[in-house]
file protein-v8.pdb (PDB, C-alpha atoms, pLDDT in the B column)
ATOM      1  CA  ALA A  29     149.290 122.375  95.006  1.00 81.00           C
ATOM      2  CA  GLN A  30     152.339 122.405  92.800  1.00 90.00           C
ATOM      3  CA  LYS A  31     153.971 125.598  91.686  1.00 94.00           C
ATOM      4  CA  VAL A  32     157.164 126.740  90.000  1.00 97.00           C
ATOM      5  CA  THR A  33     158.441 130.292  90.358  1.00 97.00           C
ATOM      6  CA  GLN A  34     161.037 131.847  88.104  1.00 97.00           C
ATOM      7  CA  ALA A  35     161.303 135.328  89.519  1.00 95.00           C
ATOM      8  CA  GLN A  36     163.686 136.622  86.870  1.00 97.00           C
ATOM      9  CA  THR A  37     161.678 137.641  83.836  1.00 96.00           C
ATOM     10  CA  GLU A  38     164.619 138.789  81.744  1.00 97.00           C
ATOM     11  CA  ILE A  39     168.356 138.734  82.154  1.00 98.00           C
ATOM     12  CA  SER A  40     170.831 140.486  79.931  1.00 98.00           C
ATOM     13  CA  VAL A  41     174.547 139.684  80.035  1.00 97.00           C
ATOM     14  CA  VAL A  42     177.611 140.222  77.926  1.00 97.00           C
ATOM     15  CA  GLU A  43     179.293 137.246  76.349  1.00 97.00           C
ATOM     16  CA  LYS A  44     181.640 135.299  78.656  1.00 97.00           C
ATOM     17  CA  GLU A  45     179.814 136.375  81.783  1.00 98.00           C
ATOM     18  CA  ASP A  46     178.472 133.710  84.112  1.00 98.00           C
ATOM     19  CA  VAL A  47     174.731 133.783  84.707  1.00 98.00           C
ATOM     20  CA  THR A  48     172.454 131.971  87.131  1.00 98.00           C
ATOM     21  CA  LEU A  49     168.780 131.365  86.487  1.00 98.00           C
ATOM     22  CA  ASP A  50     166.708 130.859  89.604  1.00 98.00           C
ATOM     23  CA  CYS A  51     163.936 128.322  90.101  1.00 98.00           C
ATOM     24  CA  VAL A  52     161.909 127.841  93.268  1.00 98.00           C
ATOM     25  CA  TYR A  53     159.261 125.170  93.505  1.00 97.00           C
ATOM     26  CA  GLU A  54     156.406 124.146  95.782  1.00 96.00           C
ATOM     27  CA  THR A  55     155.045 120.661  96.172  1.00 95.00           C
ATOM     28  CA  ARG A  56     153.645 118.409  98.870  1.00 94.00           C
ATOM     29  CA  ASP A  57     154.864 115.309  97.091  1.00 93.00           C
ATOM     30  CA  THR A  58     157.839 113.504  98.563  1.00 92.00           C
ATOM     31  CA  THR A  59     158.721 112.090  95.162  1.00 92.00           C
ATOM     32  CA  TYR A  60     158.952 114.556  92.327  1.00 93.00           C
ATOM     33  CA  TYR A  61     161.025 115.516  89.310  1.00 92.00           C
ATOM     34  CA  LEU A  62     162.520 118.827  88.291  1.00 95.00           C
ATOM     35  CA  PHE A  63     163.372 119.811  84.731  1.00 95.00           C
ATOM     36  CA  TRP A  64     165.021 122.569  82.773  1.00 97.00           C
ATOM     37  CA  TYR A  65     164.168 123.255  79.136  1.00 96.00           C
ATOM     38  CA  LYS A  66     165.583 125.758  76.667  1.00 97.00           C
ATOM     39  CA  GLN A  67     163.351 127.438  74.110  1.00 95.00           C
ATOM     40  CA  PRO A  68     165.331 129.255  71.394  1.00 93.00           C
ATOM     41  CA  PRO A  69     163.590 131.757  69.100  1.00 90.00           C
ATOM     42  CA  SER A  70     162.616 128.941  66.738  1.00 87.00           C
ATOM     43  CA  GLY A  71     160.170 127.734  69.376  1.00 88.00           C
ATOM     44  CA  GLU A  72     161.085 124.140  70.080  1.00 89.00           C
ATOM     45  CA  LEU A  73     161.621 123.015  73.645  1.00 92.00           C
ATOM     46  CA  VAL A  74     165.027 121.471  74.182  1.00 92.00           C
ATOM     47  CA  PHE A  75     165.389 119.151  77.155  1.00 92.00           C
ATOM     48  CA  LEU A  76     168.392 120.052  79.314  1.00 94.00           C
ATOM     49  CA  ILE A  77     168.142 118.083  82.530  1.00 92.00           C
ATOM     50  CA  ARG A  78     165.881 116.026  84.781  1.00 91.00           C
ATOM     51  CA  ARG A  79     166.513 115.565  88.470  1.00 91.00           C
ATOM     52  CA  ASN A  80     164.513 113.450  90.910  1.00 90.00           C
ATOM     53  CA  SER A  81     163.822 114.509  94.462  1.00 92.00           C
ATOM     54  CA  PHE A  82     166.094 111.886  95.987  1.00 90.00           C
ATOM     55  CA  ASP A  83     169.168 112.981  94.104  1.00 87.00           C
ATOM     56  CA  GLU A  84     170.560 116.219  95.457  1.00 85.00           C
ATOM     57  CA  GLN A  85     173.894 115.922  93.759  1.00 85.00           C
ATOM     58  CA  ASN A  86     174.781 118.914  91.702  1.00 87.00           C
ATOM     59  CA  GLU A  87     175.380 118.265  88.051  1.00 88.00           C
ATOM     60  CA  ILE A  88     177.743 119.755  85.531  1.00 90.00           C
ATOM     61  CA  SER A  89     177.502 119.352  81.785  1.00 91.00           C
ATOM     62  CA  GLY A  90     180.034 121.416  79.917  1.00 95.00           C
ATOM     63  CA  ARG A  91     179.270 125.076  80.596  1.00 96.00           C
ATOM     64  CA  TYR A  92     175.982 124.185  82.301  1.00 97.00           C
ATOM     65  CA  SER A  93     175.579 123.335  85.957  1.00 96.00           C
ATOM     66  CA  TRP A  94     172.612 122.803  88.212  1.00 96.00           C
ATOM     67  CA  ASN A  95     172.313 123.296  91.958  1.00 96.00           C
ATOM     68  CA  PHE A  96     169.466 121.386  93.605  1.00 96.00           C
ATOM     69  CA  GLN A  97     168.752 122.276  97.236  1.00 95.00           C
ATOM     70  CA  LYS A  98     165.727 120.664  98.870  1.00 94.00           C
ATOM     71  CA  SER A  99     166.187 122.766 101.997  1.00 93.00           C
ATOM     72  CA  THR A 100     165.323 125.898 100.029  1.00 95.00           C
ATOM     73  CA  SER A 101     163.167 124.179  97.368  1.00 96.00           C
ATOM     74  CA  SER A 102     165.394 125.532  94.659  1.00 97.00           C
ATOM     75  CA  PHE A 103     166.852 124.145  91.448  1.00 97.00           C
ATOM     76  CA  ASN A 104     169.066 126.839  89.991  1.00 97.00           C
ATOM     77  CA  PHE A 105     170.798 126.734  86.642  1.00 97.00           C
ATOM     78  CA  THR A 106     174.169 128.361  85.933  1.00 98.00           C
ATOM     79  CA  ILE A 107     175.717 128.995  82.555  1.00 98.00           C
ATOM     80  CA  THR A 108     179.441 129.623  82.734  1.00 97.00           C
ATOM     81  CA  ALA A 109     181.135 131.793  80.134  1.00 97.00           C
ATOM     82  CA  SER A 110     177.878 132.546  78.356  1.00 97.00           C
ATOM     83  CA  GLN A 111     177.715 132.664  74.571  1.00 97.00           C
ATOM     84  CA  VAL A 112     175.361 134.365  72.148  1.00 97.00           C
ATOM     85  CA  VAL A 113     173.901 130.964  71.262  1.00 96.00           C
ATOM     86  CA  ASP A 114     172.680 130.668  74.844  1.00 97.00           C
ATOM     87  CA  SER A 115     170.144 133.404  74.163  1.00 97.00           C
ATOM     88  CA  ALA A 116     166.746 131.799  74.691  1.00 97.00           C
ATOM     89  CA  VAL A 117     163.890 131.463  77.123  1.00 97.00           C
ATOM     90  CA  TYR A 118     164.629 128.935  79.837  1.00 98.00           C
ATOM     91  CA  PHE A 119     161.852 127.091  81.632  1.00 97.00           C
ATOM     92  CA  CYS A 120     162.010 125.256  84.911  1.00 98.00           C
ATOM     93  CA  ALA A 121     159.331 122.601  85.384  1.00 96.00           C
ATOM     94  CA  LEU A 122     158.073 120.199  88.024  1.00 95.00           C
ATOM     95  CA  SER A 123     156.184 116.928  88.006  1.00 92.00           C
ATOM     96  CA  GLY A 124     155.080 114.891  90.974  1.00 91.00           C
ATOM     97  CA  ARG A 125     153.006 111.974  92.110  1.00 86.00           C
ATOM     98  CA  SER A 126     149.931 114.014  92.935  1.00 85.00           C
ATOM     99  CA  GLY A 127     149.659 115.578  89.504  1.00 83.00           C
ATOM    100  CA  GLY A 128     151.196 112.768  87.534  1.00 83.00           C
ATOM    101  CA  TYR A 129     154.889 112.197  86.968  1.00 80.00           C
ATOM    102  CA  ASN A 130     154.553 112.848  83.269  1.00 82.00           C
ATOM    103  CA  LYS A 131     152.559 116.087  83.501  1.00 89.00           C
ATOM    104  CA  LEU A 132     154.714 119.171  83.778  1.00 93.00           C
ATOM    105  CA  ILE A 133     154.025 122.328  85.714  1.00 95.00           C
ATOM    106  CA  PHE A 134     156.086 125.085  84.147  1.00 96.00           C
ATOM    107  CA  GLY A 135     157.461 128.270  85.582  1.00 97.00           C
ATOM    108  CA  ALA A 136     156.917 131.516  83.729  1.00 96.00           C
ATOM    109  CA  GLY A 137     160.309 131.285  82.087  1.00 97.00           C
ATOM    110  CA  THR A 138     163.391 133.502  82.105  1.00 98.00           C
ATOM    111  CA  ARG A 139     164.435 135.214  78.901  1.00 97.00           C
ATOM    112  CA  LEU A 140     168.221 135.307  78.639  1.00 98.00           C
ATOM    113  CA  ALA A 141     169.880 137.679  76.213  1.00 98.00           C
ATOM    114  CA  VAL A 142     173.603 137.272  75.703  1.00 97.00           C
ATOM    115  CA  HIS A 143     175.206 140.179  73.857  1.00 97.00           C
ATOM    116  CA  PRO A 144     178.502 140.043  72.011  1.00 95.00           C
TER     117      PRO A 144
ATOM    118  CA  SER B  27     165.505 109.972  73.118  1.00 71.00           C
ATOM    119  CA  ALA B  28     162.302 110.284  71.145  1.00 78.00           C
ATOM    120  CA  VAL B  29     162.154 112.495  68.075  1.00 89.00           C
ATOM    121  CA  ILE B  30     158.827 114.264  67.782  1.00 93.00           C
ATOM    122  CA  SER B  31     157.670 115.934  64.562  1.00 95.00           C
ATOM    123  CA  GLN B  32     154.750 118.305  64.252  1.00 96.00           C
ATOM    124  CA  LYS B  33     152.836 119.561  61.239  1.00 97.00           C
ATOM    125  CA  PRO B  34     152.235 122.306  60.395  1.00 97.00           C
ATOM    126  CA  SER B  35     155.133 124.188  61.884  1.00 95.00           C
ATOM    127  CA  ARG B  36     153.387 127.498  61.238  1.00 96.00           C
ATOM    128  CA  ASP B  37     150.064 128.628  59.881  1.00 97.00           C
ATOM    129  CA  ILE B  38     147.928 131.705  59.591  1.00 97.00           C
ATOM    130  CA  CYS B  39     144.276 130.873  60.054  1.00 96.00           C
ATOM    131  CA  GLN B  40     141.042 132.729  59.486  1.00 97.00           C
ATOM    132  CA  ARG B  41     138.746 133.410  62.406  1.00 97.00           C
ATOM    133  CA  GLY B  42     136.025 130.785  62.698  1.00 97.00           C
ATOM    134  CA  THR B  43     137.911 128.014  60.952  1.00 97.00           C
ATOM    135  CA  SER B  44     139.454 124.882  62.442  1.00 98.00           C
ATOM    136  CA  LEU B  45     142.942 123.472  62.067  1.00 98.00           C
ATOM    137  CA  THR B  46     144.334 120.058  62.866  1.00 98.00           C
ATOM    138  CA  ILE B  47     147.899 119.677  64.096  1.00 98.00           C
ATOM    139  CA  GLN B  48     149.643 116.366  63.679  1.00 98.00           C
ATOM    140  CA  CYS B  49     152.253 114.882  66.017  1.00 97.00           C
ATOM    141  CA  GLN B  50     154.397 111.939  64.984  1.00 97.00           C
ATOM    142  CA  VAL B  51     156.889 110.208  67.280  1.00 94.00           C
ATOM    143  CA  ASP B  52     159.686 108.078  65.870  1.00 93.00           C
ATOM    144  CA  SER B  53     159.079 105.296  68.401  1.00 90.00           C
ATOM    145  CA  GLN B  54     156.217 103.906  70.418  1.00 89.00           C
ATOM    146  CA  VAL B  55     155.565 105.967  73.525  1.00 89.00           C
ATOM    147  CA  THR B  56     153.454 105.335  76.565  1.00 86.00           C
ATOM    148  CA  MET B  57     151.787 108.716  76.808  1.00 88.00           C
ATOM    149  CA  MET B  58     151.346 111.800  74.647  1.00 94.00           C
ATOM    150  CA  PHE B  59     150.324 115.266  75.719  1.00 95.00           C
ATOM    151  CA  TRP B  60     149.354 118.575  74.169  1.00 97.00           C
ATOM    152  CA  TYR B  61     150.441 121.927  75.609  1.00 97.00           C
ATOM    153  CA  ARG B  62     149.583 125.484  74.662  1.00 97.00           C
ATOM    154  CA  GLN B  63     151.913 128.455  74.920  1.00 96.00           C
ATOM    155  CA  GLN B  64     150.235 131.799  74.387  1.00 95.00           C
ATOM    156  CA  PRO B  65     152.436 134.696  73.238  1.00 92.00           C
ATOM    157  CA  GLY B  66     155.031 135.599  75.839  1.00 90.00           C
ATOM    158  CA  GLN B  67     153.585 133.098  78.296  1.00 92.00           C
ATOM    159  CA  SER B  68     154.543 129.800  79.802  1.00 93.00           C
ATOM    160  CA  LEU B  69     153.239 126.398  78.767  1.00 95.00           C
ATOM    161  CA  THR B  70     149.904 125.046  79.925  1.00 95.00           C
ATOM    162  CA  LEU B  71     148.781 121.445  79.584  1.00 95.00           C
ATOM    163  CA  ILE B  72     145.678 121.066  77.446  1.00 97.00           C
ATOM    164  CA  ALA B  73     145.120 117.328  77.658  1.00 96.00           C
ATOM    165  CA  THR B  74     146.530 113.841  77.757  1.00 94.00           C
ATOM    166  CA  ALA B  75     145.997 111.969  74.495  1.00 93.00           C
ATOM    167  CA  ASN B  76     144.870 108.440  75.352  1.00 85.00           C
ATOM    168  CA  GLN B  77     145.270 105.678  72.830  1.00 86.00           C
ATOM    169  CA  GLY B  78     141.956 104.270  71.754  1.00 82.00           C
ATOM    170  CA  SER B  79     139.864 106.354  74.101  1.00 84.00           C
ATOM    171  CA  GLU B  80     138.814 109.918  74.736  1.00 88.00           C
ATOM    172  CA  ALA B  81     141.487 112.378  75.789  1.00 92.00           C
ATOM    173  CA  THR B  82     141.702 113.587  79.376  1.00 93.00           C
ATOM    174  CA  TYR B  83     141.334 117.358  79.506  1.00 96.00           C
ATOM    175  CA  GLU B  84     142.733 119.772  82.069  1.00 94.00           C
ATOM    176  CA  SER B  85     140.613 122.367  83.753  1.00 93.00           C
ATOM    177  CA  GLY B  86     139.656 125.110  81.343  1.00 95.00           C
ATOM    178  CA  PHE B  87     139.932 122.987  78.195  1.00 97.00           C
ATOM    179  CA  VAL B  88     137.060 121.097  76.581  1.00 96.00           C
ATOM    180  CA  ILE B  89     136.735 118.481  73.890  1.00 96.00           C
ATOM    181  CA  ASP B  90     134.470 120.558  71.670  1.00 97.00           C
ATOM    182  CA  LYS B  91     137.148 123.213  71.348  1.00 97.00           C
ATOM    183  CA  PHE B  92     140.215 120.938  71.276  1.00 98.00           C
ATOM    184  CA  PRO B  93     139.274 117.507  69.962  1.00 97.00           C
ATOM    185  CA  ILE B  94     142.199 115.100  70.179  1.00 97.00           C
ATOM    186  CA  SER B  95     142.834 111.742  68.615  1.00 95.00           C
ATOM    187  CA  ARG B  96     145.441 109.093  69.279  1.00 95.00           C
ATOM    188  CA  PRO B  97     144.907 106.137  66.995  1.00 93.00           C
ATOM    189  CA  ASN B  98     148.174 104.373  67.860  1.00 93.00           C
ATOM    190  CA  LEU B  99     151.287 104.557  70.024  1.00 92.00           C
ATOM    191  CA  THR B 100     153.199 106.948  67.755  1.00 94.00           C
ATOM    192  CA  PHE B 101     150.664 109.462  66.459  1.00 96.00           C
ATOM    193  CA  SER B 102     148.232 112.052  67.764  1.00 97.00           C
ATOM    194  CA  THR B 103     146.287 115.013  66.439  1.00 97.00           C
ATOM    195  CA  LEU B 104     144.968 118.146  68.065  1.00 98.00           C
ATOM    196  CA  THR B 105     142.265 120.195  66.389  1.00 98.00           C
ATOM    197  CA  VAL B 106     141.709 123.813  67.351  1.00 98.00           C
ATOM    198  CA  SER B 107     138.074 124.453  66.498  1.00 98.00           C
ATOM    199  CA  ASN B 108     136.238 127.631  65.603  1.00 97.00           C
ATOM    200  CA  MET B 109     139.376 129.687  66.092  1.00 97.00           C
ATOM    201  CA  SER B 110     139.519 133.196  67.443  1.00 97.00           C
ATOM    202  CA  PRO B 111     142.531 135.505  67.807  1.00 96.00           C
ATOM    203  CA  GLU B 112     142.841 134.333  71.437  1.00 96.00           C
ATOM    204  CA  ASP B 113     143.809 130.919  70.089  1.00 97.00           C
ATOM    205  CA  SER B 114     146.972 132.347  68.543  1.00 97.00           C
ATOM    206  CA  SER B 115     149.628 130.295  70.298  1.00 97.00           C
ATOM    207  CA  ILE B 116     152.343 127.731  69.945  1.00 96.00           C
ATOM    208  CA  TYR B 117     150.887 124.262  70.363  1.00 97.00           C
ATOM    209  CA  LEU B 118     153.391 121.654  71.492  1.00 96.00           C
ATOM    210  CA  CYS B 119     153.133 117.912  71.519  1.00 96.00           C
ATOM    211  CA  SER B 120     155.092 115.953  74.113  1.00 95.00           C
ATOM    212  CA  ALA B 121     155.758 112.302  74.783  1.00 92.00           C
ATOM    213  CA  TRP B 122     156.703 110.156  77.729  1.00 87.00           C
ATOM    214  CA  THR B 123     157.788 106.568  77.743  1.00 80.00           C
ATOM    215  CA  LEU B 124     157.834 104.177  80.672  1.00 72.00           C
ATOM    216  CA  GLY B 125     161.434 103.329  81.324  1.00 68.00           C
ATOM    217  CA  SER B 126     162.779 106.565  79.881  1.00 63.00           C
ATOM    218  CA  GLY B 127     163.680 107.758  83.332  1.00 66.00           C
ATOM    219  CA  ASN B 128     160.689 110.067  83.298  1.00 68.00           C
ATOM    220  CA  THR B 129     162.242 112.251  80.641  1.00 80.00           C
ATOM    221  CA  ILE B 130     159.617 114.162  78.715  1.00 86.00           C
ATOM    222  CA  TYR B 131     160.387 115.289  75.167  1.00 89.00           C
ATOM    223  CA  PHE B 132     158.696 117.923  73.066  1.00 92.00           C
ATOM    224  CA  GLY B 133     158.063 118.510  69.417  1.00 91.00           C
ATOM    225  CA  GLU B 134     159.202 121.683  67.709  1.00 91.00           C
ATOM    226  CA  GLY B 135     155.793 123.260  68.134  1.00 94.00           C
ATOM    227  CA  SER B 136     153.138 124.552  65.779  1.00 96.00           C
ATOM    228  CA  TRP B 137     152.789 128.336  65.636  1.00 95.00           C
ATOM    229  CA  LEU B 138     149.237 129.361  64.887  1.00 97.00           C
ATOM    230  CA  THR B 139     148.209 132.931  64.196  1.00 97.00           C
ATOM    231  CA  VAL B 140     144.486 133.608  63.920  1.00 97.00           C
ATOM    232  CA  VAL B 141     143.461 136.705  61.985  1.00 96.00           C
TER     233      VAL B 141
END
call {"tool": "encode", "arguments": {"input": "protein-v8.pdb", "output": "structure tokens"}}
result
Amino acid sequence: AQKVTQAQTEISVVEKEDVTLDCVYETRDTTYYLFWYKQPPSGELVFLIRRNSFDEQNEISGRYSWNFQKSTSSFNFTITASQVVDSAVYFCALSGRSGGYNKLIFGAGTRLAVHP
Amino acid sequence: SAVISQKPSRDICQRGTSLTIQCQVDSQVTMMFWYRQQPGQSLTLIATANQGSEATYESGFVIDKFPISRPNLTFSTLTVSNMSPEDSSIYLCSAWTLGSGNTIYFGEGSWLTVV
């Protein structure tokens, strides 16, 4: 079975703080994809990143960075110097061969509130 | 990246009525999907919209309640039938294209409130 766990339900930080959102996944597939999406209050899902299971390189995009560790089945997301505009719900998701590469299993989401 | 538009963006519906949500993609896509997000919850896949054939439903979702159409490679509809307050959710359309690197894009969602 595939599963995504985002243990942090809500996180509250003050602007300019760094924050890490945790994501732990379970899958028996050897080939799989991991995703992060941002959902601002308006409701749309904004694609942030996709990582396949064979690429464990960490990635940095501006203030965003992702740490993929297969040994701990984790795909954590860090926002550096957070801003109020980062306030949103963030979802980690997984897709794999057994369930279909294009069908996403979502975690419960982490609500991030960044205060001025 | 694919741009996905949904209509309506929001609606308030009466109990017992049905509403059809439209999803339009700006380019041809291989597969389209419909997800539901109940208030404060995560997203759950309802079904895969298959072009020219019946949709493939996930466990817990049935065609009578959520009929889906996909007449071509850029358009799909989801109908929420005989609505009850429990159907109040955001319904999101998503699309995947072969060769896109397995990136899956979403529409802006349709917020339905059933009263």
call {"tool": "interface_residues", "arguments": {"input": "protein-v8.pdb", "of": "chain A", "to": "chain B", "cutoff": "12 Å", "atoms": "only C-alpha atoms", "output": "PDB file with C-alpha atoms, in the coordinates of the input"}}
result
ATOM      1  CA  VAL A  32     157.164 126.740  90.000  1.00 97.00           C
ATOM      2  CA  THR A  33     158.441 130.292  90.358  1.00 97.00           C
ATOM      3  CA  GLN A  34     161.037 131.847  88.104  1.00 97.00           C
ATOM      4  CA  THR A  37     161.678 137.641  83.836  1.00 96.00           C
ATOM      5  CA  GLU A  38     164.619 138.789  81.744  1.00 97.00           C
ATOM      6  CA  TYR A  60     158.952 114.556  92.327  1.00 93.00           C
ATOM      7  CA  TYR A  61     161.025 115.516  89.310  1.00 92.00           C
ATOM      8  CA  LEU A  62     162.520 118.827  88.291  1.00 95.00           C
ATOM      9  CA  PHE A  63     163.372 119.811  84.731  1.00 95.00           C
ATOM     10  CA  TRP A  64     165.021 122.569  82.773  1.00 97.00           C
ATOM     11  CA  TYR A  65     164.168 123.255  79.136  1.00 96.00           C
ATOM     12  CA  LYS A  66     165.583 125.758  76.667  1.00 97.00           C
ATOM     13  CA  GLN A  67     163.351 127.438  74.110  1.00 95.00           C
ATOM     14  CA  PRO A  68     165.331 129.255  71.394  1.00 93.00           C
ATOM     15  CA  PRO A  69     163.590 131.757  69.100  1.00 90.00           C
ATOM     16  CA  SER A  70     162.616 128.941  66.738  1.00 87.00           C
ATOM     17  CA  GLY A  71     160.170 127.734  69.376  1.00 88.00           C
ATOM     18  CA  GLU A  72     161.085 124.140  70.080  1.00 89.00           C
ATOM     19  CA  LEU A  73     161.621 123.015  73.645  1.00 92.00           C
ATOM     20  CA  VAL A  74     165.027 121.471  74.182  1.00 92.00           C
ATOM     21  CA  PHE A  75     165.389 119.151  77.155  1.00 92.00           C
ATOM     22  CA  LEU A  76     168.392 120.052  79.314  1.00 94.00           C
ATOM     23  CA  ILE A  77     168.142 118.083  82.530  1.00 92.00           C
ATOM     24  CA  ARG A  78     165.881 116.026  84.781  1.00 91.00           C
ATOM     25  CA  ARG A  79     166.513 115.565  88.470  1.00 91.00           C
ATOM     26  CA  ASN A  80     164.513 113.450  90.910  1.00 90.00           C
ATOM     27  CA  VAL A 117     163.890 131.463  77.123  1.00 97.00           C
ATOM     28  CA  TYR A 118     164.629 128.935  79.837  1.00 98.00           C
ATOM     29  CA  PHE A 119     161.852 127.091  81.632  1.00 97.00           C
ATOM     30  CA  CYS A 120     162.010 125.256  84.911  1.00 98.00           C
ATOM     31  CA  ALA A 121     159.331 122.601  85.384  1.00 96.00           C
ATOM     32  CA  LEU A 122     158.073 120.199  88.024  1.00 95.00           C
ATOM     33  CA  SER A 123     156.184 116.928  88.006  1.00 92.00           C
ATOM     34  CA  GLY A 124     155.080 114.891  90.974  1.00 91.00           C
ATOM     35  CA  ARG A 125     153.006 111.974  92.110  1.00 86.00           C
ATOM     36  CA  GLY A 127     149.659 115.578  89.504  1.00 83.00           C
ATOM     37  CA  GLY A 128     151.196 112.768  87.534  1.00 83.00           C
ATOM     38  CA  TYR A 129     154.889 112.197  86.968  1.00 80.00           C
ATOM     39  CA  ASN A 130     154.553 112.848  83.269  1.00 82.00           C
ATOM     40  CA  LYS A 131     152.559 116.087  83.501  1.00 89.00           C
ATOM     41  CA  LEU A 132     154.714 119.171  83.778  1.00 93.00           C
ATOM     42  CA  ILE A 133     154.025 122.328  85.714  1.00 95.00           C
ATOM     43  CA  PHE A 134     156.086 125.085  84.147  1.00 96.00           C
ATOM     44  CA  GLY A 135     157.461 128.270  85.582  1.00 97.00           C
ATOM     45  CA  ALA A 136     156.917 131.516  83.729  1.00 96.00           C
ATOM     46  CA  GLY A 137     160.309 131.285  82.087  1.00 97.00           C
ATOM     47  CA  THR A 138     163.391 133.502  82.105  1.00 98.00           C
ATOM     48  CA  ARG A 139     164.435 135.214  78.901  1.00 97.00           C
TER      49      ARG A 139
END
call {"tool": "resolve_selection", "arguments": {"input": "protein-v8.pdb", "expression": "the PyMOL selection byres ((chain B and resi 98-115) around 8)", "output": "number ranges by chain"}}
result
B: 39-58, 60, 62-65, 75, 77-78, 90-97, 116-117, 137-141
call {"tool": "atom_distance", "arguments": {"input": "protein-v8.pdb", "atom1": "atom CA of Ile88 of chain A", "atom2": "atom CA of Ser101 of chain A"}}
result
19.3 Å
call {"tool": "atom_distance", "arguments": {"input": "protein-v8.pdb", "atom1": "atom CA of Val47 of chain A", "atom2": "atom CA of Glu84 of chain A"}}
result
21.0 Å
call {"tool": "resolve_selection", "arguments": {"input": "protein-v8.pdb", "expression": "the PyMOL selection byres ((chain A and resi 93-97) around 9)", "output": "VMD selection string"}}
result
chain A and resid 77 79 81 83 to 92 98 to 108
call {"tool": "write_last_selection", "arguments": {"input": "protein-v8.pdb", "atoms": "C-alpha atoms", "output": "PDB file, in the frame of the given file"}}
result
ATOM      1  CA  ILE A  77     168.142 118.083  82.530  1.00 92.00           C
ATOM      2  CA  ARG A  79     166.513 115.565  88.470  1.00 91.00           C
ATOM      3  CA  SER A  81     163.822 114.509  94.462  1.00 92.00           C
ATOM      4  CA  ASP A  83     169.168 112.981  94.104  1.00 87.00           C
ATOM      5  CA  GLU A  84     170.560 116.219  95.457  1.00 85.00           C
ATOM      6  CA  GLN A  85     173.894 115.922  93.759  1.00 85.00           C
ATOM      7  CA  ASN A  86     174.781 118.914  91.702  1.00 87.00           C
ATOM      8  CA  GLU A  87     175.380 118.265  88.051  1.00 88.00           C
ATOM      9  CA  ILE A  88     177.743 119.755  85.531  1.00 90.00           C
ATOM     10  CA  SER A  89     177.502 119.352  81.785  1.00 91.00           C
ATOM     11  CA  GLY A  90     180.034 121.416  79.917  1.00 95.00           C
ATOM     12  CA  ARG A  91     179.270 125.076  80.596  1.00 96.00           C
ATOM     13  CA  TYR A  92     175.982 124.185  82.301  1.00 97.00           C
ATOM     14  CA  LYS A  98     165.727 120.664  98.870  1.00 94.00           C
ATOM     15  CA  SER A  99     166.187 122.766 101.997  1.00 93.00           C
ATOM     16  CA  THR A 100     165.323 125.898 100.029  1.00 95.00           C
ATOM     17  CA  SER A 101     163.167 124.179  97.368  1.00 96.00           C
ATOM     18  CA  SER A 102     165.394 125.532  94.659  1.00 97.00           C
ATOM     19  CA  PHE A 103     166.852 124.145  91.448  1.00 97.00           C
ATOM     20  CA  ASN A 104     169.066 126.839  89.991  1.00 97.00           C
ATOM     21  CA  PHE A 105     170.798 126.734  86.642  1.00 97.00           C
ATOM     22  CA  THR A 106     174.169 128.361  85.933  1.00 98.00           C
ATOM     23  CA  ILE A 107     175.717 128.995  82.555  1.00 98.00           C
ATOM     24  CA  THR A 108     179.441 129.623  82.734  1.00 97.00           C
TER      25      THR A 108
END
call {"tool": "axis_aligned_box", "arguments": {"input": "protein-v8.pdb", "around": "segment 111-126 of chain B", "padding_each_side": "4 Å", "output": "lines of an AutoDock Vina configuration file"}}
result
center_x = 152.7
center_y = 119.4
center_z = 74.6
size_x = 28.2
size_y = 40.2
size_z = 21.5
